[in-house]
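Enquirer: One structure coming up, written as C-alpha cells, with questions to follow.
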Amino acid sequence: MSGPGEKKSPKGPRSLWSDGWSRFRKNRMGMAGAVIVGIFYLIAALAPVLTTHDPVEQGDIPRMRYHAPNQQHLLGTDKFGRDVLTRILYGARISLLISFIAVAIAAVLGSAVGAAAGYIGGIVDAVLMRIVDGLLAIPRIFLLLTCISLFSGSVWLIIVLLGLTSWMETARLVRGQVLSLKGMEFIQAAEALGVGGRRIVLRHLIPNTLTVIIVAATLRIGRIILIEAALSFLGLGVPQPTPSWGQMIFSGRDVLLSAWWVSTFPGVAIAVTVIGYNLFGDGLRDAFDPRQYV
Amino acid sequence: MLRFLLRRSLQAVLLVFIVLTITFILLQLAPGDPMARYYNPEIAPETVELIRERMGLDKPVAEQYLRWMGSFVRGDFGTSLRYNRPVKSLLADAIPNTLRLTVSALFLYIVCGVALGVASAVRRHSLFDRVNTVSALFVYSIPSFWLAFMLILLFSLKLGILPSSHMQTVGAGELGGVALFLDRLWHLVLPAFVLGVSSAAGMARYMRGSMLDVFKEDYMRTAKAKGLPASRIYLKHAIKNAALPAVTIIGLSIPFLLGGAVVTEKVFSWPGMGSLMVDAIYGRDYPVLLAVNFVVSVMVILGNLLADIGYAVLDPRISITGGESS
C-alpha cells in the first residue's frame with residue numbers, strides 16, 4: 001500500500017505500457033479500430049438482449065422465407081424464415097470464440113517454440129526452424145483442410161486446428177526478438193547470477209517480447225476470422241445450425257439475385273469486424289513498436 | 001553466384017523433404033485404420049491381408065515412410081479412392097487450370113499493385129492516396145468469396161456482362177483459335193480479379209512505402225539537382241529501385257494465391273487443384289489430398305526459390321556469396 005507521501009510524481013519514469021497507451025490514444029484510426037472491436041464484443045455478449053428473434057428456430061417457412069428487409073426484419077429473413085440480423089448478432093459469438101481462442105493457442109505455442117529456438121540455439125533451433133519453414137511452405141488453407149479431413153470433428157477441434165496451424169509466424173518473430181535480447185547485458189547478468197534457463201525465458205525474455213506477441217496476435221485475429229469464414233463457406237467449418245457468418249454468406253449463393261440480403265449483410269459484418277481488428281492492430285504496432293522510438 | 005544457387009537449391013530440396021515428412025506424420029496421427037473399409041464379412045481375411053501387404057501396411061513405420069517418400073519423389077501418388085484413377089492423371093488435369101488462374105492473378109496484381117503504389121507515393125496525402133489506402137484496407141479485410149458473390153451479383157446477374165462460373169462457355173471448345181481464347185479470357189476476368197485483388201492491395205502498400213524510402217535517397221536529390229524531368233526521375237531512378245524489394249513480396253504471395261485459389265475455384269466452379277482438394281475432403285480421398293498438398297508445397301518452394309534468385313540477380317548491391325540466412 002502506498003501512503004500519500006509516496007504518490008508517484010506525474011513526471012516520474014513511465015512504464016512501457018502507459019507510454020504506449022498514451023501514444024495509442026492519439027492514433028485516431030487505431031482508436032476507431034478499438035471501438036469497433038469493443039462493439040463486436042458487446043454484440044457477442046448482448047445478442048439475446050439486442051434481438052427478440054431466435055437465431056436457430058425455423059418459423060413458418062413457406063410464409064416467412066426470403067422476406068426483404070422490412071420493419072420487423074431489418075435485414076430480411078433467410079431460407080428458413082430466420083431473421084438475418086439476429087443470426088448476424090449471434091454469429092458474432094462463434095466468430096469471437098473461435099478467433100480469440102485460436103489466436104491464444106497460436107500465440108502461446110508460437111512464443112514457446114520461438115523462445116526455445118532462440119534461447120537454446122544450436123540443433124534445437126535448426127530443427128524447430130526447419131519445421132516452421134516446412135509448415136509455412138504448405139499454404140495455410142491446404143494444411144488446415146488436410147488436418148480437418150484427417151481429424152474430423154467439432155467446433156473445438158476446428159478451433160484447436162486453427163491455432164495449431166497459425167503459430168509459425170509468431171515463432172519466427174519471437175525467435176528473432178529473443179536472439180537480439182540474448183546478447184543484452186541484463187540477460188548476461190542474469191546468467192552470470194546463475195538464474196536457470198527456464199526462468200530467464202519466462203521472466204526476462206518473454207515479457208520483453210510481449211508487445212510484439214500481442215501486436216502479432218491482434219493482427220492475426222482478423223485473418224483467423226477470414227479463414228474461419230472460408231472454412232464455413234467450404235462446408236467444413238462450424239456445423240449447422242449454429243449461426244456463423246461464413247456459412248450465412250454461403251447459404252445465399254443460389255438466391256443472390258432474388259434475395260441479395262442473405263449473403264450481403266453477413267459479409268458486411270465480417271468486413272467491419274476484420275477492419276476493426278486490423279486498424280486496432282496497426283495502431284498497437286505503431287504505439288508499441290520499439291524500432292520506431294529507439 | 002553458383003554457390004548461392006547451389007546452396008539455395010539444396011535448401012529448397014530439404015524443405016520438400018520436410019513437407020513430405022510433415023504430411024506423413026499427419027497421416028500417421030490420423031485416427032482410423034486405412035484398411036477399415038475392407039473389414040467386411042464378405043471379404044475373406046486372407047484377401048484383406050493380401051491388400052495390406054500390397055499397400056505395404058504390414059511393414060514397420062520406418063520402412064513405410066521410406067517407400068512412401070520414394071514413390072512421391074518419383075511422382076507416383078497412388079490411386080484416387082474416389083475416382084479409381086491414378087492421382088497423377090487427376091493432377092495433370094487440374095494443375096494447368098490452377099496455373100492459368102493463379103498466373104493471371106499474379107500478373108494482374110503486380111501490374112495494378114505497382115501502378116497504384118507508385119501513383120500513391122508520387123501524390124502522397126492526396127485524395128487519391130487516401131482513397132487507395134482505405135480501399136486497400138477494405139479488400140484486405142473482406143472474405144474473398146463474399147467479394148466474388150457481390151461481383152457476380154453486379155456483373156453477371158444484374159448487368160449480365162461477365163460469366164459467373166466455369167472456364168469457358170459450353171461448346172466453346174469447337175470454336176477454336178482466337179474465339180476460344182477470348183471466351184476463356186472472358187471467363188478469367190472475375191476469378192483472377194477476386195484472387196489477385198488482396199495481393200494487389202498488399203503490393204500497392206508495399207510499393208508506396210518503398211517509393212517513399214527511395215525518395216529520401218541521395219541519388220534522388222542528385223537527379224533532381226541535375227534538373228532531370230520528373231517523369232524520368234520516377235521511371236528511371238525511383239521505380240526501378242523501389243520495385244526490387246517487391247520481388248520478394250511476389251515470392252511470399254505465392255502461398256496466398258494458391259491458398260486463395262481453393263475458395264476462388266469453388267466459387268467459380270473452376271476445375272483446378274483447389275476444387276480437387278475440396279472434393280477429396282468431402283470424399284475422404286486421402287491419396288489425392290496428400291498429393292495436392294505435396295504439389296502445392298513444391299510450387300510454393302519453387303516460387304520462393306525463383307524470387308530469391310531473381311532478387312539476387314537483379315540487385316547488384318547484394319553480395320550473393322555472403323551468408324544471408326533465413
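By convention in this document, the chains of the C-alpha cells carry letters A, B, ... by their order, each chain's residues are numbered from 1, and ligands are numbered from 1 in the order they are shown.
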Counting only C-alpha atoms, which residues in chain A sit no more than 6 Å from chain B? For each one, give the nearest pair of atoms and the distance in Å, sorted by chain then residue number, as a tab-separated table.

Expert:
residue	atom	partner	partner_atom	distance
A:Gly134	CA	B:Val19	CA	5.1
A:Ala137	CA	B:Ser297	CA	5.4
A:Ile138	CA	B:Ser297	CA	4.8
A:Pro139	CA	B:Pro255	CA	4.9
A:Ile141	CA	B:Gly259	CA	5.6
A:Ser149	CA	B:Ile281	CA	5.6
A:Leu150	CA	B:Ala30	CA	5.4
A:Leu226	CA	B:Pro143	CA	5.7
A:Gly267	CA	B:Trp146	CA	6.0
A:Ala271	CA	B:Ile142	CA	4.7
A:Val274	CA	B:Ser141	CA	5.3
A:Ile275	CA	B:Ser141	CA	5.4

Enquirer: Just want the 8 Å neighbourhood of A:Ser263, counted on only C-alpha atoms, with same-chain residues fewer than 2 positions away dropped. Output as an MDAnalysis selection string.

Expert: (chainID A and resid 248:253 256 260:261 265:267) or (chainID B and resid 146 149)

Enquirer: Would you write out those residues with C-alpha atoms, as a JSON list (two decimals), in the first residue's frame?

Expert:
[["chain", "number", "residue", "atom", "x", "y", "z"],
["A", 248, "MET", "CA", -24.57, -17.46, -43.85],
["A", 249, "ILE", "CA", -22.86, -15.93, -46.87],
["A", 250, "PHE", "CA", -22.68, -19.36, -48.46],
["A", 251, "SER", "CA", -26.37, -20.04, -47.81],
["A", 252, "GLY", "CA", -27.35, -17.11, -50.01],
["A", 253, "ARG", "CA", -25.39, -18.34, -53.01],
["A", 256, "LEU", "CA", -28.01, -13.82, -54.94],
["A", 260, "TRP", "CA", -29.38, -10.43, -52.07],
["A", 261, "TRP", "CA", -29.59, -9.58, -48.36],
["A", 265, "PHE", "CA", -25.11, -8.44, -44.72],
["A", 266, "PRO", "CA", -23.07, -11.21, -43.06],
["A", 267, "GLY", "CA", -20.24, -10.19, -45.37],
["B", 146, "TRP", "CA", -18.09, -12.54, -50.43],
["B", 149, "PHE", "CA", -20.59, -13.02, -54.71]]

Enquirer: What's around B:Asp213 at 10 Å? Count only C-alpha atoms, leave out sequence neighbours fewer than 6 positions away in its own chain, and write the answer as a VMD selection string.

Expert: chain B and resid 121 207 238 241 to 242

Enquirer: Within 12 Å of B:Asp76, counting only C-alpha atoms, which residues show up once you throw out same-chain ones fewer than 6 positions away? Write them as number ranges by chain, please.

Expert: B: 67-70, 86-89, 91, 287-288, 290-291, 294-295

Enquirer: Can you list every residue of stretch 78-188 of chain A that has an atom at most 7 Å from stretch 49-57 of chain A, with its nearest atom pair and the distance in Å to one decimal, using only C-alpha atoms, ordered by chain then number, as JSON lines?

Expert:
{"residue": "A:Arg82", "atom": "CA", "partner": "A:Pro55", "partner_atom": "CA", "distance": 6.6}
{"residue": "A:Asp83", "atom": "CA", "partner": "A:His53", "partner_atom": "CA", "distance": 6.7}
{"residue": "A:Thr86", "atom": "CA", "partner": "A:Pro55", "partner_atom": "CA", "distance": 5.6}
{"residue": "A:Arg87", "atom": "CA", "partner": "A:Pro55", "partner_atom": "CA", "distance": 4.9}
{"residue": "A:Tyr90", "atom": "CA", "partner": "A:Pro55", "partner_atom": "CA", "distance": 6.8}

Enquirer: Quick one: residues within 7 Å of stretch 179-193 of chain A, only C-alpha atoms counted, chain neighbours fewer than 4 positions away excluded, as a PyMOL selection string?

Expert: chain A and resi 118-119+175

Enquirer: Excluding A:Ala287 and residues on its chain fewer than 6 positions from it, collect all residues at most 6 Å away from it, counting only C-alpha atoms, and give them as a list in words.

Expert: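 These residues fall inside the cut-off: Gly20, Arg23 and Phe24 of chain A.
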
Enquirer: With distances taken over only C-alpha atoms, which residue among B:Asp315, B:Pro60, B:Lys226, B:Met273 lies nearest B:Ile95?

Expert: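 Residue with the minimum atom-to-atom distance to B:Ile95: B:Met273.
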
Enquirer: Using DSSP on the backbone, list every residue of stretch 194-322 of chain B that comes out as helix (DSSP H, G or I), and give them as a PyMOL selection string.

Expert: chain B and resi 194-215+218-225+230-267+273-282+286-314

Enquirer: Excluding stretch 156-171 of chain A and its own-chain neighbours fewer than 2 positions away, which residues fall within 10 Å of it when counting only C-alpha atoms? Please give them as a PDB file with N, CA and C atoms, in the first residue's frame.

Expert:
ATOM      1  N   LEU A  97     -15.428 -16.388 -30.308  1.00  0.00           N
ATOM      2  CA  LEU A  97     -14.910 -17.559 -29.600  1.00  0.00           C
ATOM      3  C   LEU A  97     -13.767 -18.198 -30.382  1.00  0.00           C
ATOM      4  N   ILE A  98     -14.053 -18.475 -31.655  1.00  0.00           N
ATOM      5  CA  ILE A  98     -13.066 -19.181 -32.468  1.00  0.00           C
ATOM      6  C   ILE A  98     -11.806 -18.348 -32.617  1.00  0.00           C
ATOM      7  N   SER A  99     -11.973 -17.071 -33.011  1.00  0.00           N
ATOM      8  CA  SER A  99     -10.785 -16.284 -33.297  1.00  0.00           C
ATOM      9  C   SER A  99      -9.966 -16.069 -32.040  1.00  0.00           C
ATOM     10  N   PHE A 100     -10.631 -15.811 -30.920  1.00  0.00           N
ATOM     11  CA  PHE A 100      -9.894 -15.483 -29.695  1.00  0.00           C
ATOM     12  C   PHE A 100      -9.092 -16.683 -29.198  1.00  0.00           C
ATOM     13  N   ILE A 101      -9.747 -17.836 -29.109  1.00  0.00           N
ATOM     14  CA  ILE A 101      -9.047 -18.997 -28.560  1.00  0.00           C
ATOM     15  C   ILE A 101      -7.979 -19.499 -29.521  1.00  0.00           C
ATOM     16  N   ALA A 102      -8.309 -19.526 -30.821  1.00  0.00           N
ATOM     17  CA  ALA A 102      -7.315 -19.993 -31.786  1.00  0.00           C
ATOM     18  C   ALA A 102      -6.075 -19.109 -31.739  1.00  0.00           C
ATOM     19  N   VAL A 103      -6.282 -17.789 -31.658  1.00  0.00           N
ATOM     20  CA  VAL A 103      -5.138 -16.886 -31.633  1.00  0.00           C
ATOM     21  C   VAL A 103      -4.348 -17.056 -30.332  1.00  0.00           C
ATOM     22  N   ALA A 104      -5.059 -17.305 -29.233  1.00  0.00           N
ATOM     23  CA  ALA A 104      -4.354 -17.522 -27.966  1.00  0.00           C
ATOM     24  C   ALA A 104      -3.472 -18.776 -28.058  1.00  0.00           C
ATOM     25  N   ILE A 105      -4.034 -19.839 -28.621  1.00  0.00           N
ATOM     26  CA  ILE A 105      -3.234 -21.061 -28.787  1.00  0.00           C
ATOM     27  C   ILE A 105      -2.011 -20.764 -29.648  1.00  0.00           C
ATOM     28  N   ALA A 106      -2.247 -20.065 -30.759  1.00  0.00           N
ATOM     29  CA  ALA A 106      -1.148 -19.768 -31.674  1.00  0.00           C
ATOM     30  C   ALA A 106      -0.090 -18.906 -30.985  1.00  0.00           C
ATOM     31  N   ALA A 107      -0.531 -17.923 -30.186  1.00  0.00           N
ATOM     32  CA  ALA A 107       0.429 -17.023 -29.530  1.00  0.00           C
ATOM     33  C   ALA A 107       1.274 -17.786 -28.513  1.00  0.00           C
ATOM     34  N   VAL A 108       0.625 -18.633 -27.709  1.00  0.00           N
ATOM     35  CA  VAL A 108       1.367 -19.372 -26.676  1.00  0.00           C
ATOM     36  C   VAL A 108       2.342 -20.348 -27.329  1.00  0.00           C
ATOM     37  N   LEU A 109       1.836 -21.119 -28.282  1.00  0.00           N
ATOM     38  CA  LEU A 109       2.682 -22.114 -28.928  1.00  0.00           C
ATOM     39  C   LEU A 109       3.830 -21.444 -29.691  1.00  0.00           C
ATOM     40  N   GLY A 110       3.480 -20.386 -30.436  1.00  0.00           N
ATOM     41  CA  GLY A 110       4.497 -19.680 -31.203  1.00  0.00           C
ATOM     42  C   GLY A 110       5.572 -19.081 -30.313  1.00  0.00           C
ATOM     43  N   SER A 111       5.151 -18.492 -29.182  1.00  0.00           N
ATOM     44  CA  SER A 111       6.135 -17.903 -28.261  1.00  0.00           C
ATOM     45  C   SER A 111       7.018 -18.990 -27.687  1.00  0.00           C
ATOM     46  N   ALA A 112       6.413 -20.115 -27.299  1.00  0.00           N
ATOM     47  CA  ALA A 112       7.198 -21.190 -26.693  1.00  0.00           C
ATOM     48  C   ALA A 112       8.236 -21.705 -27.679  1.00  0.00           C
ATOM     49  N   VAL A 113       7.797 -21.998 -28.892  1.00  0.00           N
ATOM     50  CA  VAL A 113       8.733 -22.532 -29.887  1.00  0.00           C
ATOM     51  C   VAL A 113       9.794 -21.493 -30.229  1.00  0.00           C
ATOM     52  N   GLY A 114       9.352 -20.247 -30.453  1.00  0.00           N
ATOM     53  CA  GLY A 114      10.297 -19.196 -30.809  1.00  0.00           C
ATOM     54  C   GLY A 114      11.320 -18.954 -29.724  1.00  0.00           C
ATOM     55  N   ALA A 115      10.847 -18.904 -28.472  1.00  0.00           N
ATOM     56  CA  ALA A 115      11.759 -18.651 -27.361  1.00  0.00           C
ATOM     57  C   ALA A 115      12.725 -19.818 -27.191  1.00  0.00           C
ATOM     58  N   ALA A 116      12.212 -21.035 -27.299  1.00  0.00           N
ATOM     59  CA  ALA A 116      13.083 -22.209 -27.159  1.00  0.00           C
ATOM     60  C   ALA A 116      14.143 -22.200 -28.252  1.00  0.00           C
ATOM     61  N   ALA A 117      13.706 -21.969 -29.485  1.00  0.00           N
ATOM     62  CA  ALA A 117      14.660 -21.981 -30.601  1.00  0.00           C
ATOM     63  C   ALA A 117      15.700 -20.886 -30.429  1.00  0.00           C
ATOM     64  N   GLY A 118      15.249 -19.683 -30.085  1.00  0.00           N
ATOM     65  CA  GLY A 118      16.169 -18.560 -29.968  1.00  0.00           C
ATOM     66  C   GLY A 118      17.102 -18.703 -28.786  1.00  0.00           C
ATOM     67  N   LEU A 128      13.739 -26.850 -35.049  1.00  0.00           N
ATOM     68  CA  LEU A 128      12.460 -26.152 -34.898  1.00  0.00           C
ATOM     69  C   LEU A 128      12.200 -25.214 -36.072  1.00  0.00           C
ATOM     70  N   MET A 129      13.232 -24.494 -36.487  1.00  0.00           N
ATOM     71  CA  MET A 129      13.012 -23.529 -37.560  1.00  0.00           C
ATOM     72  C   MET A 129      12.772 -24.212 -38.900  1.00  0.00           C
ATOM     73  N   ILE A 131      11.156 -27.011 -39.157  1.00  0.00           N
ATOM     74  CA  ILE A 131       9.750 -27.415 -39.082  1.00  0.00           C
ATOM     75  C   ILE A 131       8.853 -26.221 -39.431  1.00  0.00           C
ATOM     76  N   VAL A 132       9.209 -25.053 -38.883  1.00  0.00           N
ATOM     77  CA  VAL A 132       8.436 -23.843 -39.189  1.00  0.00           C
ATOM     78  C   VAL A 132       8.462 -23.567 -40.689  1.00  0.00           C
ATOM     79  N   ASP A 133       9.651 -23.658 -41.291  1.00  0.00           N
ATOM     80  CA  ASP A 133       9.766 -23.437 -42.740  1.00  0.00           C
ATOM     81  C   ASP A 133       8.866 -24.396 -43.503  1.00  0.00           C
ATOM     82  N   GLY A 134       8.924 -25.669 -43.085  1.00  0.00           N
ATOM     83  CA  GLY A 134       8.140 -26.691 -43.773  1.00  0.00           C
ATOM     84  C   GLY A 134       6.649 -26.421 -43.673  1.00  0.00           C
ATOM     85  N   LEU A 135       6.193 -26.063 -42.459  1.00  0.00           N
ATOM     86  CA  LEU A 135       4.767 -25.806 -42.273  1.00  0.00           C
ATOM     87  C   LEU A 135       4.329 -24.571 -43.051  1.00  0.00           C
ATOM     88  N   LEU A 136       5.218 -23.575 -43.139  1.00  0.00           N
ATOM     89  CA  LEU A 136       4.862 -22.360 -43.865  1.00  0.00           C
ATOM     90  C   LEU A 136       4.848 -22.594 -45.370  1.00  0.00           C
ATOM     91  N   ARG A 140      -1.645 -22.199 -45.870  1.00  0.00           N
ATOM     92  CA  ARG A 140      -2.384 -22.488 -44.649  1.00  0.00           C
ATOM     93  C   ARG A 140      -3.689 -23.228 -44.887  1.00  0.00           C
ATOM     94  N   ILE A 141      -4.454 -22.796 -45.884  1.00  0.00           N
ATOM     95  CA  ILE A 141      -5.776 -23.395 -46.068  1.00  0.00           C
ATOM     96  C   ILE A 141      -5.652 -24.870 -46.444  1.00  0.00           C
ATOM     97  N   LEU A 143      -3.137 -26.876 -45.516  1.00  0.00           N
ATOM     98  CA  LEU A 143      -2.733 -27.557 -44.286  1.00  0.00           C
ATOM     99  C   LEU A 143      -3.940 -27.781 -43.384  1.00  0.00           C
ATOM    100  N   LEU A 144      -4.723 -26.709 -43.267  1.00  0.00           N
ATOM    101  CA  LEU A 144      -5.888 -26.760 -42.393  1.00  0.00           C
ATOM    102  C   LEU A 144      -6.928 -27.761 -42.916  1.00  0.00           C
ATOM    103  N   LEU A 145      -7.171 -27.720 -44.210  1.00  0.00           N
ATOM    104  CA  LEU A 145      -8.162 -28.631 -44.792  1.00  0.00           C
ATOM    105  C   LEU A 145      -7.714 -30.077 -44.617  1.00  0.00           C
ATOM    106  N   CYS A 147      -5.794 -31.292 -42.230  1.00  0.00           N
ATOM    107  CA  CYS A 147      -5.984 -31.661 -40.827  1.00  0.00           C
ATOM    108  C   CYS A 147      -7.454 -31.907 -40.533  1.00  0.00           C
ATOM    109  N   ILE A 148      -8.316 -31.023 -41.025  1.00  0.00           N
ATOM    110  CA  ILE A 148      -9.745 -31.166 -40.730  1.00  0.00           C
ATOM    111  C   ILE A 148     -10.283 -32.476 -41.303  1.00  0.00           C
ATOM    112  N   PHE A 151      -8.895 -35.380 -39.119  1.00  0.00           N
ATOM    113  CA  PHE A 151      -9.414 -35.461 -37.746  1.00  0.00           C
ATOM    114  C   PHE A 151     -10.784 -34.808 -37.663  1.00  0.00           C
ATOM    115  N   SER A 152     -11.727 -35.259 -38.442  1.00  0.00           N
ATOM    116  CA  SER A 152     -12.994 -34.541 -38.489  1.00  0.00           C
ATOM    117  C   SER A 152     -13.631 -34.455 -37.107  1.00  0.00           C
ATOM    118  N   GLY A 153     -14.376 -33.401 -36.848  1.00  0.00           N
ATOM    119  CA  GLY A 153     -14.946 -33.279 -35.515  1.00  0.00           C
ATOM    120  C   GLY A 153     -15.722 -32.014 -35.277  1.00  0.00           C
ATOM    121  N   SER A 154     -15.609 -31.494 -34.050  1.00  0.00           N
ATOM    122  CA  SER A 154     -16.499 -30.451 -33.569  1.00  0.00           C
ATOM    123  C   SER A 154     -15.908 -29.059 -33.758  1.00  0.00           C
ATOM    124  N   LEU A 173       8.957 -14.580 -35.265  1.00  0.00           N
ATOM    125  CA  LEU A 173       9.053 -13.231 -34.712  1.00  0.00           C
ATOM    126  C   LEU A 173       9.711 -13.266 -33.335  1.00  0.00           C
ATOM    127  N   VAL A 174       9.222 -14.168 -32.471  1.00  0.00           N
ATOM    128  CA  VAL A 174       9.736 -14.255 -31.105  1.00  0.00           C
ATOM    129  C   VAL A 174      11.189 -14.723 -31.125  1.00  0.00           C
ATOM    130  N   ARG A 175      11.487 -15.667 -31.997  1.00  0.00           N
ATOM    131  CA  ARG A 175      12.870 -16.140 -32.091  1.00  0.00           C
ATOM    132  C   ARG A 175      13.810 -14.969 -32.411  1.00  0.00           C
ATOM    133  N   GLY A 176      13.409 -14.160 -33.375  1.00  0.00           N
ATOM    134  CA  GLY A 176      14.237 -13.019 -33.746  1.00  0.00           C
ATOM    135  C   GLY A 176      14.445 -12.072 -32.573  1.00  0.00           C
ATOM    136  N   GLN A 177      13.354 -11.798 -31.859  1.00  0.00           N
ATOM    137  CA  GLN A 177      13.440 -10.908 -30.695  1.00  0.00           C
ATOM    138  C   GLN A 177      14.359 -11.496 -29.629  1.00  0.00           C
ATOM    139  N   VAL A 212       5.395  -7.389 -28.932  1.00  0.00           N
ATOM    140  CA  VAL A 212       5.453  -7.938 -30.290  1.00  0.00           C
ATOM    141  C   VAL A 212       4.435  -9.056 -30.444  1.00  0.00           C
ATOM    142  N   ILE A 213       4.349  -9.909 -29.419  1.00  0.00           N
ATOM    143  CA  ILE A 213       3.421 -11.046 -29.470  1.00  0.00           C
ATOM    144  C   ILE A 213       1.982 -10.545 -29.541  1.00  0.00           C
ATOM    145  N   ILE A 214       1.670  -9.537 -28.724  1.00  0.00           N
ATOM    146  CA  ILE A 214       0.293  -9.042 -28.684  1.00  0.00           C
ATOM    147  C   ILE A 214      -0.095  -8.384 -30.006  1.00  0.00           C
ATOM    148  N   ALA A 216       1.175  -8.965 -32.946  1.00  0.00           N
ATOM    149  CA  ALA A 216       1.033 -10.010 -33.969  1.00  0.00           C
ATOM    150  C   ALA A 216      -0.289 -10.740 -33.789  1.00  0.00           C
ATOM    151  N   ALA A 217      -0.659 -10.999 -32.523  1.00  0.00           N
ATOM    152  CA  ALA A 217      -1.899 -11.739 -32.260  1.00  0.00           C
ATOM    153  C   ALA A 217      -3.109 -10.928 -32.693  1.00  0.00           C
ATOM    154  N   ARG A 220      -3.484 -11.006 -36.272  1.00  0.00           N
ATOM    155  CA  ARG A 220      -3.826 -12.356 -36.711  1.00  0.00           C
ATOM    156  C   ARG A 220      -5.305 -12.660 -36.531  1.00  0.00           C
ATOM    157  N   ARG A 223      -7.226 -12.237 -39.631  1.00  0.00           N
ATOM    158  CA  ARG A 223      -7.004 -13.305 -40.608  1.00  0.00           C
ATOM    159  C   ARG A 223      -7.769 -14.558 -40.202  1.00  0.00           C
ATOM    160  N   ILE A 224      -7.754 -14.871 -38.901  1.00  0.00           N
ATOM    161  CA  ILE A 224      -8.415 -16.101 -38.452  1.00  0.00           C
ATOM    162  C   ILE A 224      -9.918 -16.020 -38.708  1.00  0.00           C
ATOM    163  N   ILE A 227     -10.334 -16.797 -42.268  1.00  0.00           N
ATOM    164  CA  ILE A 227     -10.107 -18.218 -42.572  1.00  0.00           C
ATOM    165  C   ILE A 227     -11.279 -19.056 -42.081  1.00  0.00           C
ATOM    166  N   GLU A 228     -11.770 -18.719 -40.889  1.00  0.00           N
ATOM    167  CA  GLU A 228     -12.920 -19.460 -40.357  1.00  0.00           C
ATOM    168  C   GLU A 228     -14.125 -19.295 -41.294  1.00  0.00           C
ATOM    169  N   LEU A 231     -13.633 -21.527 -44.223  1.00  0.00           N
ATOM    170  CA  LEU A 231     -13.923 -22.924 -43.888  1.00  0.00           C
ATOM    171  C   LEU A 231     -15.424 -23.170 -43.878  1.00  0.00           C
ATOM    172  N   LEU A 236     -16.887 -26.812 -44.218  1.00  0.00           N
ATOM    173  CA  LEU A 236     -16.025 -27.589 -43.332  1.00  0.00           C
ATOM    174  C   LEU A 236     -15.793 -26.873 -42.010  1.00  0.00           C
ATOM    175  N   GLY A 237     -16.607 -25.873 -41.741  1.00  0.00           N
ATOM    176  CA  GLY A 237     -16.425 -25.110 -40.511  1.00  0.00           C
ATOM    177  C   GLY A 237     -17.415 -25.512 -39.445  1.00  0.00           C
ATOM    178  N   VAL A 238     -17.960 -24.479 -38.789  1.00  0.00           N
ATOM    179  CA  VAL A 238     -18.906 -24.697 -37.714  1.00  0.00           C
ATOM    180  C   VAL A 238     -20.122 -25.462 -38.228  1.00  0.00           C
TER     181      VAL A 238
END

Enquirer: With only C-alpha atoms as the basis for distance, which of A:Gly122, A:Val178, A:Leu219, A:Phe142 is at the shortest distance from B:Ser275?

Expert: A:Phe142

Enquirer: In Å, rounded to a single decimal, give me how far atom CA of B:Lys240 is from atom CA of B:Arg3.

Expert: 26.7 Å
